[in-house]
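The structure appears right after this line, and notes come after that.
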Amino acid sequence: MFDINKATHVVAYLLWKRGGTMSYLKLMKMAYFAEREFILRYGEPLTGASLVSMPHGPVLSQVYDLIKRGDNTSDWSSWIQTKNCDLTLTIMDEVDPDDPKATFDWLSRADQKVLDEVFEKYRDLNRWEIRDLSHTKEACPEWEDPCGSSTSIDIKQMLMKHGKSEFDSEMVVQHIKDIDSLLESTQALR
């Protein structure tokens, strides 16, 4: 289940790490790689966004929609602005560099660790280099060219393409479904 608050803090944290501005193409790839790494490492989603293949590589569907349309029901529109092909963190001056957790309070230590690692790994690539990398079987074997459209990336297949057994992959998918059911049940009670 997609968590807009968590997604906002993931994107804002990556923008903060980059100095407040990043091309949305590069940001989308970093966010995707972070989501994938979190699933591979911990067996659960980071933001809960749907993984999809698009012509410029893999993306998180709901995060892509936020970048394109914004959202006035969360921190997204007050924290993040889209101008042309760039995203800007509008609260950059409010983040305490000695205690970023105070600002990005939706992120756990595990979340920040994965985001830090992904940022360090791809920080020096420009938007086109990271896009091209996301089209390679070595870096992103789960991506398939959707021929101008978009197609879902199956989590079980993604896990198996990254070395997980079929059994372990099925267990992770079931765990994610269980988390989604639990979240839906608690929301229904509100």
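In the structure tokens, the first chain shown is A, the next is B, and so on; residue numbers restart at 1 for each chain, and ligands run from 1 in the order shown.
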So that I can see what lies close to Asp180 in chain A, please list as a PyMOL selection string the residues with an atom at most 12 Å from it, counting only C-alpha atoms and leaving out residues fewer than 5 positions away in the same chain. chain A and resi 1-3+44-45+47-49+173-175+185-187
Selection above as a file: N, CA and C atoms, as a PDB file, in the first residue's frame:
```
ATOM      1  N   MET A   1       0.844  -1.172   0.000  1.00  0.00           N
ATOM      2  CA  MET A   1       0.000   0.000   0.000  1.00  0.00           C
ATOM      3  C   MET A   1       0.891   1.238   0.000  1.00  0.00           C
ATOM      4  N   PHE A   2       0.632   2.126  -0.912  1.00  0.00           N
ATOM      5  CA  PHE A   2       1.450   3.324  -1.075  1.00  0.00           C
ATOM      6  C   PHE A   2       1.297   4.270   0.113  1.00  0.00           C
ATOM      7  N   ASP A   3       2.422   4.763   0.616  1.00  0.00           N
ATOM      8  CA  ASP A   3       2.457   5.704   1.729  1.00  0.00           C
ATOM      9  C   ASP A   3       2.993   7.038   1.220  1.00  0.00           C
ATOM     10  N   GLU A  44      10.378  -6.048   2.510  1.00  0.00           N
ATOM     11  CA  GLU A  44       9.182  -5.213   2.548  1.00  0.00           C
ATOM     12  C   GLU A  44       9.444  -3.910   1.807  1.00  0.00           C
ATOM     13  N   PRO A  45       8.368  -3.242   1.422  1.00  0.00           N
ATOM     14  CA  PRO A  45       8.543  -2.030   0.621  1.00  0.00           C
ATOM     15  C   PRO A  45       9.003  -0.830   1.443  1.00  0.00           C
ATOM     16  N   THR A  47       8.273   2.559   0.184  1.00  0.00           N
ATOM     17  CA  THR A  47       7.143   3.487   0.049  1.00  0.00           C
ATOM     18  C   THR A  47       5.834   2.769  -0.283  1.00  0.00           C
ATOM     19  N   GLY A  48       5.942   1.546  -0.761  1.00  0.00           N
ATOM     20  CA  GLY A  48       4.749   0.811  -1.178  1.00  0.00           C
ATOM     21  C   GLY A  48       4.275   1.177  -2.573  1.00  0.00           C
ATOM     22  N   ALA A  49       5.045   1.972  -3.287  1.00  0.00           N
ATOM     23  CA  ALA A  49       4.659   2.367  -4.647  1.00  0.00           C
ATOM     24  C   ALA A  49       4.755   1.174  -5.588  1.00  0.00           C
ATOM     25  N   VAL A 173       6.644 -11.780  -1.308  1.00  0.00           N
ATOM     26  CA  VAL A 173       5.412 -11.273  -1.922  1.00  0.00           C
ATOM     27  C   VAL A 173       4.234 -11.469  -0.971  1.00  0.00           C
ATOM     28  N   GLN A 174       4.157 -12.631  -0.335  1.00  0.00           N
ATOM     29  CA  GLN A 174       3.067 -12.878   0.620  1.00  0.00           C
ATOM     30  C   GLN A 174       3.168 -11.933   1.810  1.00  0.00           C
ATOM     31  N   HIS A 175       4.380 -11.695   2.291  1.00  0.00           N
ATOM     32  CA  HIS A 175       4.592 -10.764   3.407  1.00  0.00           C
ATOM     33  C   HIS A 175       4.112  -9.363   3.035  1.00  0.00           C
ATOM     34  N   SER A 185      -6.957  -2.795   6.717  1.00  0.00           N
ATOM     35  CA  SER A 185      -7.858  -3.056   7.845  1.00  0.00           C
ATOM     36  C   SER A 185      -7.821  -1.929   8.865  1.00  0.00           C
ATOM     37  N   THR A 186      -6.625  -1.444   9.191  1.00  0.00           N
ATOM     38  CA  THR A 186      -6.514  -0.358  10.181  1.00  0.00           C
ATOM     39  C   THR A 186      -7.098   0.930   9.638  1.00  0.00           C
ATOM     40  N   GLN A 187      -6.965   1.173   8.327  1.00  0.00           N
ATOM     41  CA  GLN A 187      -7.572   2.378   7.742  1.00  0.00           C
ATOM     42  C   GLN A 187      -9.083   2.281   7.749  1.00  0.00           C
TER      43      GLN A 187
END
```
Helix (DSSP H, G or I) residues, from DSSP on the backbone, in chain A, as an MDAnalysis selection string: chainID A and resid 4:17 24:42 61:69 76:79 92:94 100:102 109:122 127:133 155:161 166:189
Min atom-atom distance to Ser50 in chain A from the set A:Asp105, A:Asp111, A:Glu138, A:Asp154, counting only C-alpha atoms, belongs to A:Asp154
Kindly indicate which residue among A:Ser169, A:Ser108, A:Thr73, A:Ser181 lies nearest to Ile39 in chain A, using only C-alpha atoms for the distances. A:Ser169
Counting only C-alpha atoms, what is within 8 Å of Trp143 in chain A, bar same-chain residues fewer than 6 positions away, as a count of residues only? 7
CA of Leu183 in chain A and CA of Arg36 in chain A, how far apart in Å? 20.6 Å
Taking only C-alpha atoms into account, produce a table as CSV in which each residue of range 24-82 of chain A with an atom at most 9 Å from an atom of range 8-20 of chain A appears once, together with its shortest atom pair and the distance in Å to one decimal, ordered by chain and rising number.
```
residue,atom,partner,partner_atom,distance
A:Leu27,CA,A:Val11,CA,7.4
A:Met28,CA,A:Val11,CA,8.7
A:Met30,CA,A:Leu14,CA,8.1
A:Ala31,CA,A:Val11,CA,7.0
A:Ala34,CA,A:Val10,CA,9.0
A:Leu46,CA,A:Val10,CA,8.6
A:Thr47,CA,A:Val10,CA,8.0
A:Val63,CA,A:Thr8,CA,8.4
A:Leu66,CA,A:Thr8,CA,9.0
A:Ser74,CA,A:Thr8,CA,8.2
A:Asp75,CA,A:Thr8,CA,6.9
A:Trp76,CA,A:Thr8,CA,5.5
A:Trp79,CA,A:Ala12,CA,7.3
A:Ile80,CA,A:Ala12,CA,7.0
```
Serialized selection, N, CA and C atoms, as an mmCIF file, in the first residue's frame:
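Written output follows (part_26.cif):
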```cif
data_model
loop_
_atom_site.group_PDB
_atom_site.id
_atom_site.type_symbol
_atom_site.label_atom_id
_atom_site.label_comp_id
_atom_site.auth_asym_id
_atom_site.auth_seq_id
_atom_site.Cartn_x
_atom_site.Cartn_y
_atom_site.Cartn_z
ATOM 1 N N LEU A 27 16.205 11.539 -10.097
ATOM 2 C CA LEU A 27 15.535 11.262 -8.830
ATOM 3 C C LEU A 27 14.666 10.015 -8.930
ATOM 4 N N MET A 28 13.942 9.877 -10.038
ATOM 5 C CA MET A 28 13.073 8.716 -10.219
ATOM 6 C C MET A 28 13.879 7.417 -10.215
ATOM 7 N N MET A 30 16.876 6.956 -8.744
ATOM 8 C CA MET A 30 17.384 6.747 -7.384
ATOM 9 C C MET A 30 16.279 6.218 -6.469
ATOM 10 N N ALA A 31 15.087 6.787 -6.568
ATOM 11 C CA ALA A 31 13.967 6.333 -5.740
ATOM 12 C C ALA A 31 13.613 4.881 -6.067
ATOM 13 N N ALA A 34 16.284 2.609 -4.625
ATOM 14 C CA ALA A 34 16.140 2.525 -3.172
ATOM 15 C C ALA A 34 14.981 1.595 -2.798
ATOM 16 N N LEU A 46 9.622 0.099 0.759
ATOM 17 C CA LEU A 46 10.036 1.363 1.372
ATOM 18 C C LEU A 46 8.864 2.345 1.356
ATOM 19 N N THR A 47 8.273 2.559 0.184
ATOM 20 C CA THR A 47 7.143 3.487 0.049
ATOM 21 C C THR A 47 5.834 2.769 -0.283
ATOM 22 N N VAL A 63 4.941 7.818 -7.257
ATOM 23 C CA VAL A 63 5.902 8.916 -7.104
ATOM 24 C C VAL A 63 6.002 9.684 -8.421
ATOM 25 N N LEU A 66 3.113 11.963 -8.507
ATOM 26 C CA LEU A 66 3.310 13.121 -7.633
ATOM 27 C C LEU A 66 4.200 14.165 -8.294
ATOM 28 N N SER A 74 -0.858 16.436 1.369
ATOM 29 C CA SER A 74 0.300 15.985 2.142
ATOM 30 C C SER A 74 1.371 17.071 2.116
ATOM 31 N N ASP A 75 2.538 16.752 2.690
ATOM 32 C CA ASP A 75 3.660 17.701 2.667
ATOM 33 C C ASP A 75 4.242 17.890 1.266
ATOM 34 N N TRP A 76 3.897 17.014 0.335
ATOM 35 C CA TRP A 76 4.536 17.029 -0.982
ATOM 36 C C TRP A 76 4.600 18.425 -1.593
ATOM 37 N N TRP A 79 6.766 20.957 0.251
ATOM 38 C CA TRP A 79 8.177 20.619 0.365
ATOM 39 C C TRP A 79 8.893 20.530 -0.973
ATOM 40 N N ILE A 80 8.179 20.114 -2.007
ATOM 41 C CA ILE A 80 8.825 19.776 -3.281
ATOM 42 C C ILE A 80 8.136 20.504 -4.427
#
```
